[in-house]
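> Okay, so here is start.cif, and as you'll see once you scroll down, it has mmCIF, C-alpha atoms.
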data_run
#
loop_
_atom_site.label_atom_id
_atom_site.label_comp_id
_atom_site.auth_asym_id
_atom_site.auth_seq_id
_atom_site.Cartn_x
_atom_site.Cartn_y
_atom_site.Cartn_z
CA MET A 10 139.58 -104.90 86.49
CA VAL A 11 142.22 -104.53 89.19
CA GLN A 12 143.53 -100.99 89.38
CA GLU A 13 147.29 -100.82 89.67
CA LYS A 14 148.46 -98.87 92.67
CA LYS A 15 150.70 -95.90 92.03
CA LEU A 16 153.89 -94.85 93.74
CA VAL A 17 153.36 -91.44 95.34
CA ASP A 18 156.52 -91.04 97.41
CA GLU A 19 159.77 -92.87 98.06
CA VAL A 20 163.07 -92.83 99.89
CA SER A 21 165.57 -94.19 97.40
CA GLY A 22 166.64 -97.73 98.24
CA TRP A 23 164.61 -97.89 101.43
CA LEU A 24 160.86 -97.56 100.95
CA GLY A 25 158.05 -96.69 98.57
CA LEU A 26 154.68 -95.21 99.56
CA TYR A 27 151.66 -95.97 97.35
CA ASP A 28 148.38 -94.19 96.76
CA ASP A 29 146.43 -96.85 98.69
CA GLY A 30 148.50 -96.12 101.81
CA SER A 31 150.62 -99.27 101.58
CA VAL A 32 154.37 -99.16 102.10
CA ASP A 33 156.98 -101.36 100.42
CA ARG A 34 160.26 -101.65 102.33
CA THR A 35 161.92 -104.06 99.91
CA TRP A 36 165.59 -103.13 99.67
CA THR A 37 166.31 -101.72 96.21
CA GLY A 38 169.81 -100.44 96.85
CA PRO A 39 173.09 -102.22 96.07
CA PRO A 40 172.40 -105.99 96.16
CA GLU A 41 175.74 -106.79 97.79
CA VAL A 42 174.54 -105.24 101.08
CA LYS A 43 171.00 -106.59 101.04
CA PHE A 44 171.93 -109.28 103.58
CA MET A 45 172.31 -106.59 106.25
CA VAL A 46 168.57 -105.79 106.21
CA GLU A 47 167.30 -109.35 106.05
CA PRO A 48 165.85 -110.86 109.27
CA ALA A 49 167.96 -113.11 111.48
CA PRO A 50 165.73 -115.78 113.08
CA PRO A 51 165.75 -116.11 116.88
CA HIS A 52 167.50 -119.09 118.49
CA GLU A 53 167.04 -120.14 122.09
CA GLU A 54 170.15 -122.29 121.93
CA PHE A 55 173.40 -120.43 122.52
CA ILE A 56 175.28 -119.55 119.34
CA ASP A 57 178.58 -117.71 119.70
CA GLY A 58 177.76 -117.17 123.35
CA VAL A 59 174.31 -115.60 122.96
CA ALA A 60 170.71 -116.87 122.82
CA THR A 61 167.81 -114.85 121.41
CA ARG A 62 164.06 -115.07 121.39
CA ASP A 63 161.03 -112.97 120.47
CA VAL A 64 158.29 -112.51 123.06
CA ILE A 65 154.99 -110.64 123.29
CA ALA A 66 155.25 -107.77 125.75
CA GLY A 67 151.73 -106.47 126.14
CA ASP A 68 149.17 -105.44 123.54
CA ASN A 69 150.59 -105.70 120.03
CA LEU A 70 154.16 -105.16 121.25
CA ARG A 71 156.87 -107.67 120.44
CA VAL A 72 160.41 -107.54 121.78
CA ARG A 73 163.57 -109.43 120.95
CA LEU A 74 165.73 -110.58 123.86
CA TYR A 75 169.48 -111.23 123.80
CA LEU A 76 170.93 -113.29 126.65
CA PRO A 77 174.67 -114.02 127.10
CA GLU A 78 175.88 -117.50 128.02
CA ASN A 79 177.49 -118.82 131.21
CA ILE A 80 175.53 -116.84 133.80
CA ALA A 81 176.23 -117.95 137.37
CA ASN A 82 173.25 -119.00 139.50
CA GLU A 83 173.12 -115.83 141.59
CA GLU A 84 174.50 -113.47 138.93
CA LYS A 85 172.27 -110.59 137.88
CA LEU A 86 172.94 -108.71 134.65
CA PRO A 87 172.14 -105.10 133.74
CA ILE A 88 169.18 -104.72 131.38
CA PHE A 89 169.59 -102.54 128.32
CA LEU A 90 166.35 -101.43 126.66
CA HIS A 91 167.44 -100.68 123.11
CA PHE A 92 165.59 -98.58 120.53
CA HIS A 93 166.75 -99.08 116.95
CA GLY A 94 167.45 -96.30 114.48
CA GLY A 95 166.11 -95.99 110.96
CA GLY A 96 164.63 -92.51 110.70
CA PHE A 97 161.48 -93.74 112.46
CA CYS A 98 160.55 -95.38 109.14
CA ILE A 99 162.76 -98.43 108.61
CA SER A 100 164.81 -101.01 110.53
CA GLU A 101 163.80 -103.84 112.87
CA PRO A 102 165.53 -105.49 115.85
CA ASP A 103 165.88 -108.71 113.86
CA TRP A 104 167.77 -107.21 110.92
CA PHE A 105 171.03 -109.10 110.43
CA MET A 106 172.93 -105.85 110.91
CA CYS A 107 171.22 -105.26 114.27
CA TYR A 108 171.56 -108.91 115.25
CA GLN A 109 175.33 -108.75 114.77
CA ILE A 110 175.62 -105.62 116.90
CA TYR A 111 173.32 -106.81 119.69
CA THR A 112 174.87 -110.26 120.03
CA ARG A 113 178.36 -108.80 120.25
CA PHE A 114 177.19 -106.21 122.76
CA ALA A 115 175.37 -108.74 124.96
CA ARG A 116 178.35 -111.11 124.90
CA SER A 117 181.12 -108.57 125.53
CA ALA A 118 179.31 -106.28 128.01
CA ARG A 119 177.52 -109.11 129.86
CA VAL A 120 174.09 -107.51 129.65
CA ILE A 121 170.55 -108.57 128.73
CA ILE A 122 169.28 -106.63 125.73
CA VAL A 123 165.57 -106.00 125.21
CA SER A 124 164.76 -104.48 121.83
CA PRO A 125 161.13 -103.70 120.94
CA PHE A 126 159.73 -103.90 117.43
CA LEU A 127 158.68 -100.26 117.22
CA ARG A 128 155.82 -99.13 115.04
CA ARG A 129 157.15 -97.32 112.01
CA ALA A 130 156.10 -94.32 109.98
CA PRO A 131 154.46 -93.42 107.68
CA GLU A 132 151.79 -95.98 108.69
CA ASN A 133 152.25 -94.94 112.32
CA ARG A 134 153.52 -91.42 112.69
CA LEU A 135 155.23 -90.19 115.81
CA PRO A 136 154.73 -90.38 118.73
CA ALA A 137 153.77 -94.04 118.03
CA ALA A 138 157.37 -95.34 118.30
CA ILE A 139 157.87 -93.35 121.51
CA ASP A 140 154.67 -94.82 122.94
CA ASP A 141 156.00 -98.30 122.12
CA GLY A 142 159.34 -97.54 123.75
CA PHE A 143 157.65 -96.42 126.96
CA SER A 144 155.33 -99.44 126.85
CA ALA A 145 158.40 -101.69 126.71
CA LEU A 146 159.75 -99.97 129.82
CA LEU A 147 156.43 -100.47 131.62
CA TRP A 148 156.48 -104.12 130.55
CA LEU A 149 159.88 -104.50 132.20
CA GLN A 150 158.40 -102.94 135.32
CA GLY A 151 155.62 -105.52 135.12
CA VAL A 152 158.18 -108.32 134.94
CA ALA A 153 159.97 -106.85 137.97
CA LYS A 154 156.66 -106.79 139.89
CA ARG A 155 155.79 -110.32 138.69
CA ASP A 156 152.72 -108.91 136.92
CA ALA A 157 154.18 -110.16 133.62
CA GLU A 158 156.26 -113.25 132.92
CA GLU A 159 159.55 -113.54 131.12
CA PRO A 160 161.81 -116.26 132.58
CA TRP A 161 165.12 -114.99 131.16
CA VAL A 162 164.63 -111.48 132.48
CA GLU A 163 163.10 -112.61 135.78
CA LYS A 164 165.94 -114.99 136.57
CA HIS A 165 168.94 -113.09 135.27
CA GLY A 166 167.96 -109.40 135.08
CA ASP A 167 169.07 -106.73 137.54
CA PHE A 168 166.09 -104.37 137.81
CA ASN A 169 168.21 -101.85 139.74
CA HIS A 170 170.36 -101.33 136.66
CA VAL A 171 168.05 -100.70 133.71
CA PHE A 172 169.44 -98.47 130.97
CA LEU A 173 167.89 -96.92 127.88
CA ILE A 174 170.08 -97.00 124.78
CA GLY A 175 169.39 -96.08 121.18
CA ASP A 176 171.15 -95.05 118.01
CA SER A 177 170.19 -92.31 115.56
CA ALA A 178 166.39 -91.95 115.66
CA GLY A 179 166.44 -94.49 118.50
CA ALA A 180 168.46 -92.00 120.52
CA ASN A 181 165.62 -89.49 120.14
CA ILE A 182 163.34 -92.15 121.60
CA VAL A 183 165.75 -92.58 124.52
CA HIS A 184 165.38 -88.85 125.22
CA LYS A 185 161.57 -88.86 125.06
CA VAL A 186 161.10 -92.11 127.01
CA ALA A 187 163.49 -90.87 129.72
CA ALA A 188 161.44 -87.68 130.01
CA ARG A 189 158.25 -89.69 130.46
CA ALA A 190 159.95 -92.00 132.94
CA GLY A 191 160.89 -88.99 135.04
CA GLU A 192 157.20 -88.34 135.62
CA ALA A 193 156.23 -91.96 136.32
CA ARG A 194 156.54 -94.36 139.25
CA LEU A 195 158.59 -97.30 138.05
CA ASP A 196 159.14 -99.13 141.37
CA PRO A 197 160.61 -101.69 141.84
CA LEU A 198 162.47 -101.00 138.60
CA ARG A 199 165.19 -98.37 138.73
CA LEU A 200 166.11 -96.52 135.56
CA ALA A 201 169.85 -96.07 136.00
CA GLY A 202 170.70 -94.08 132.88
CA GLY A 203 170.23 -93.30 129.23
CA ILE A 204 172.72 -93.65 126.37
CA PRO A 205 171.71 -91.70 123.24
CA ILE A 206 174.11 -92.60 120.42
CA HIS A 207 174.32 -89.99 117.65
CA PRO A 208 170.75 -88.72 118.16
CA ARG A 209 168.84 -87.51 115.13
CA PHE A 210 168.53 -83.99 116.54
CA LEU A 211 167.75 -81.59 113.71
CA ARG A 212 166.26 -78.23 112.95
CA SER A 213 164.76 -76.66 109.86
CA LYS A 214 167.94 -74.70 109.19
CA ARG A 215 170.87 -76.86 108.13
CA SER A 216 173.57 -77.19 110.76
CA ARG A 217 177.23 -76.67 110.02
CA SER A 218 177.93 -80.38 110.39
CA GLU A 219 175.14 -81.22 107.92
CA LEU A 220 176.62 -78.81 105.39
CA GLU A 221 180.23 -79.91 105.84
CA LYS A 222 180.04 -83.64 106.60
CA PRO A 223 180.39 -85.88 103.52
CA GLN A 224 177.17 -87.68 102.70
CA SER A 225 176.85 -91.43 102.48
CA PRO A 226 175.13 -92.96 99.45
CA PHE A 227 173.09 -94.99 101.95
CA LEU A 228 171.82 -91.91 103.81
CA THR A 229 171.83 -88.49 102.20
CA LEU A 230 170.42 -85.27 103.63
CA ASP A 231 167.52 -85.55 101.20
CA MET A 232 166.77 -89.03 102.56
CA VAL A 233 166.81 -87.73 106.14
CA ASP A 234 164.46 -84.90 105.16
CA LYS A 235 162.09 -87.36 103.55
CA PHE A 236 162.11 -89.71 106.55
CA MET A 237 161.28 -86.78 108.83
CA SER A 238 158.45 -85.58 106.59
CA LEU A 239 156.94 -89.08 106.73
CA ALA A 240 157.47 -89.58 110.46
CA LEU A 241 156.76 -86.35 112.29
CA PRO A 242 153.18 -85.46 113.27
CA LEU A 243 151.20 -83.97 110.41
CA GLY A 244 151.77 -80.26 110.07
CA SER A 245 155.14 -80.41 111.86
CA ASN A 246 158.62 -79.69 110.62
CA LYS A 247 162.08 -80.54 111.97
CA ASP A 248 161.73 -77.89 114.68
CA HIS A 249 159.30 -80.22 116.47
CA PRO A 250 160.50 -81.09 120.03
CA ILE A 251 160.99 -84.75 119.08
CA THR A 252 163.74 -83.80 116.65
CA CYS A 253 164.69 -80.38 118.06
CA PRO A 254 164.66 -80.56 121.88
CA MET A 255 166.93 -77.50 121.95
CA GLY A 256 164.41 -75.36 120.06
CA GLY A 257 161.81 -72.86 121.14
CA GLY A 258 158.98 -75.39 120.85
CA ALA A 259 160.53 -77.80 123.35
CA PRO A 260 159.17 -78.02 126.92
CA ALA A 261 161.01 -75.92 129.49
CA ALA A 262 163.57 -77.83 131.53
#
What is this file in C-alpha cells?

Amino acid sequence: MVQEKKLVDEVSGWLGLYDDGSVDRTWTGPPEVKFMVEPAPPHEEFIDGVATRDVIAGDNLRVRLYLPENIANEEKLPIFLHFHGGGFCISEPDWFMCYQIYTRFARSARVIIVSPFLRRAPENRLPAAIDDGFSALLWLQGVAKRDAEEPWVEKHGDFNHVFLIGDSAGANIVHKVAARAGEARLDPLRLAGGIPIHPRFLRSKRSRSELEKPQSPFLTLDMVDKFMSLALPLGSNKDHPITCPMGGGAPAA
C-alpha cells in the first residue's frame, strides 16, 4: 500500500512542503497570471534583438546567458551577473517574467546578462544560493583566464566591467557575494560594482515601512515570514546577517 504524503507547510500560491521532504512549486494562485512563472525556452537565434542559451558553469551549476544583437567585431559589452529574487525559495532565470525583463535589459542597455539557476530553499537552505552566486562569479573569472569556455562571453564580454545585480532576495545575494569577492583574487576579472534592487533586508521587529506599506495579494508579510523561516539556516531568525546586515550579528565593517 502506497502511503499518501502529507502537506506539512505551505506558502499560499507558491509552494507546498510535504512530510517526505519533497517540495511542490506548482502555481496555485490566480490562473490568469500563471504564464509569468512558466519557463521560457532558450533560443540561440536572435528574437527581438536578443539570443539566449543555458550552459553548464562548473559542478551542478547552470546559467542562462542573454546576448544582444548587432555587436561590432571589436565591441566589448559589460557583463551583468544577475541573481533572481523569490525569497530564496522560488523563481528561476527562465521564468517568462524574468525572461521578459532580462531580454529588455540586455537589448536596451547593451550588456551580456549571466543569470545562474540558484539552489532554492527549503531543500537547500542558505548559504547555498550565496555559494552558487559566488561560484558563478568564479566561473566568469575562469572564462576570463581561458580556464573555462563560453564563446559568447569570451568574444563579446568586457571582463573589466563586471557588475553584480539582483532584485529582492537576489539583492541580498549581491551584498554577500560582493563581500566574498572583496577577500578574493579575481584577476583578470574586475568587479566594477554591485546593484542591489530593493534588497530583502529585514529584522525580527517589523519596520515602519512593513507596517504602513499596503500588502500585495501575491506577497504578504506572512508569506515573507514563511519564506525566511524555510530559507535561513536552522535556528536562525530574520536578525541573521544575511537578512539583517545592519544588525548586531553582522560582521564589523
> Which is closest to Gly30 in chain A among A:Leu76, A:Glu53, A:Ala66, A:Asn133, if we use all atoms listed in the file?
A:Asn133
> Can you list, as a compact mmCIF listing (two decimals) with C-alpha atoms, in the coordinates of the input, the residues that the PyMOL selection byres ((chain A and resi 239) around 9) selects here?

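Final file, expr.txt:
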# COMPACT_ATOMS: atom_id res chain seq x y z
CA PHE A 97 161.48 -93.74 112.46
CA CYS A 98 160.55 -95.38 109.14
CA ALA A 130 156.10 -94.32 109.98
CA PRO A 131 154.46 -93.42 107.68
CA GLU A 132 151.79 -95.98 108.69
CA ARG A 134 153.52 -91.42 112.69
CA ASP A 234 164.46 -84.90 105.16
CA LYS A 235 162.09 -87.36 103.55
CA PHE A 236 162.11 -89.71 106.55
CA MET A 237 161.28 -86.78 108.83
CA SER A 238 158.45 -85.58 106.59
CA ALA A 240 157.47 -89.58 110.46
CA LEU A 241 156.76 -86.35 112.29
CA PRO A 242 153.18 -85.46 113.27
CA LEU A 243 151.20 -83.97 110.41
> Could you check the closest approach to Leu135 in chain A for each of A:Val183, A:Ala81, A:Ile251, A:Leu220 and tell me which residue wins, using only C-alpha atoms?
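Closest residue, counting only C-alpha atoms: A:Ile251.
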> Could you jot down the CA of Pro197 in chain A to CA of His91 in chain A separation for me, Å, one decimal place?
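We find that CA of Pro197 in chain A and CA of His91 in chain A lie 20.0 Å from each other.
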> How many Å separate CA of Pro250 in chain A from CA of Phe172 in chain A?
22.4 Å
> A:Gly257, A:Pro226, A:Gly94, A:Pro77: which is nearest Gly22 in chain A, counting all atoms listed in the file?
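Using all atoms listed in the file, Gly22 in chain A sits closest to A:Pro226.
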> Which residues would end up in the selection if the PyMOL selection byres ((chain A and resi 187) around 12) were applied here, given that I need the answer as a ChimeraX atom specification?
/A:90,139-140,142-143,146,171-175,180-186,188-193,195,199-205
> With all atoms listed in the file as the counted atoms, please give the residues lying no more than 8 Å from range 84-87 of chain A, apart from itself and same-chain residues fewer than 5 positions off, as a list in words.
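Listing them by chain and then by number gives Arg119, Val120, Ile121, Lys164, His165, Gly166, Asp167, Phe168, Asn169, His170, Val171 and Phe172 of chain A.
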> Taking N, CA and C atoms as the atom set, what does range 168-184 of chain A look like once completed, written as a short mmCIF file (atom, residue, chain, number, x, y, z; two decimals), in the frame of the given file?

data_model
loop_
_atom_site.label_atom_id
_atom_site.label_comp_id
_atom_site.auth_asym_id
_atom_site.auth_seq_id
_atom_site.Cartn_x
_atom_site.Cartn_y
_atom_site.Cartn_z
N PHE A 168 167.06 -105.45 138.02
CA PHE A 168 166.09 -104.37 137.81
C PHE A 168 166.52 -103.07 138.49
N ASN A 169 167.63 -103.09 139.21
CA ASN A 169 168.21 -101.85 139.74
C ASN A 169 169.16 -101.19 138.76
N HIS A 170 169.44 -101.87 137.68
CA HIS A 170 170.36 -101.33 136.66
C HIS A 170 169.74 -101.52 135.28
N VAL A 171 168.72 -100.71 135.01
CA VAL A 171 168.05 -100.70 133.71
C VAL A 171 168.48 -99.43 132.97
N PHE A 172 168.95 -99.59 131.77
CA PHE A 172 169.44 -98.47 130.97
C PHE A 172 168.65 -98.38 129.67
N LEU A 173 168.42 -97.16 129.21
CA LEU A 173 167.89 -96.92 127.88
C LEU A 173 169.06 -96.65 126.95
N ILE A 174 169.02 -97.23 125.76
CA ILE A 174 170.08 -97.00 124.78
C ILE A 174 169.44 -97.01 123.40
N GLY A 175 169.92 -96.12 122.54
CA GLY A 175 169.39 -96.08 121.18
C GLY A 175 170.34 -95.34 120.26
N ASP A 176 170.28 -95.68 118.99
CA ASP A 176 171.15 -95.05 118.01
C ASP A 176 170.32 -94.29 116.98
N SER A 177 170.84 -93.14 116.57
CA SER A 177 170.19 -92.31 115.56
C SER A 177 168.77 -91.94 116.02
N ALA A 178 167.75 -92.26 115.23
CA ALA A 178 166.39 -91.95 115.66
C ALA A 178 166.04 -92.65 116.97
N GLY A 179 166.65 -93.81 117.22
CA GLY A 179 166.44 -94.49 118.50
C GLY A 179 166.95 -93.69 119.68
N ALA A 180 167.97 -92.86 119.45
CA ALA A 180 168.46 -92.00 120.52
C ALA A 180 167.44 -90.91 120.86
N ASN A 181 166.71 -90.43 119.86
CA ASN A 181 165.62 -89.49 120.14
C ASN A 181 164.57 -90.14 121.04
N ILE A 182 164.32 -91.43 120.78
CA ILE A 182 163.34 -92.15 121.60
C ILE A 182 163.85 -92.31 123.02
N VAL A 183 165.16 -92.55 123.19
CA VAL A 183 165.75 -92.58 124.52
C VAL A 183 165.42 -91.28 125.27
N HIS A 184 165.61 -90.16 124.60
CA HIS A 184 165.38 -88.85 125.22
C HIS A 184 163.92 -88.70 125.65
#
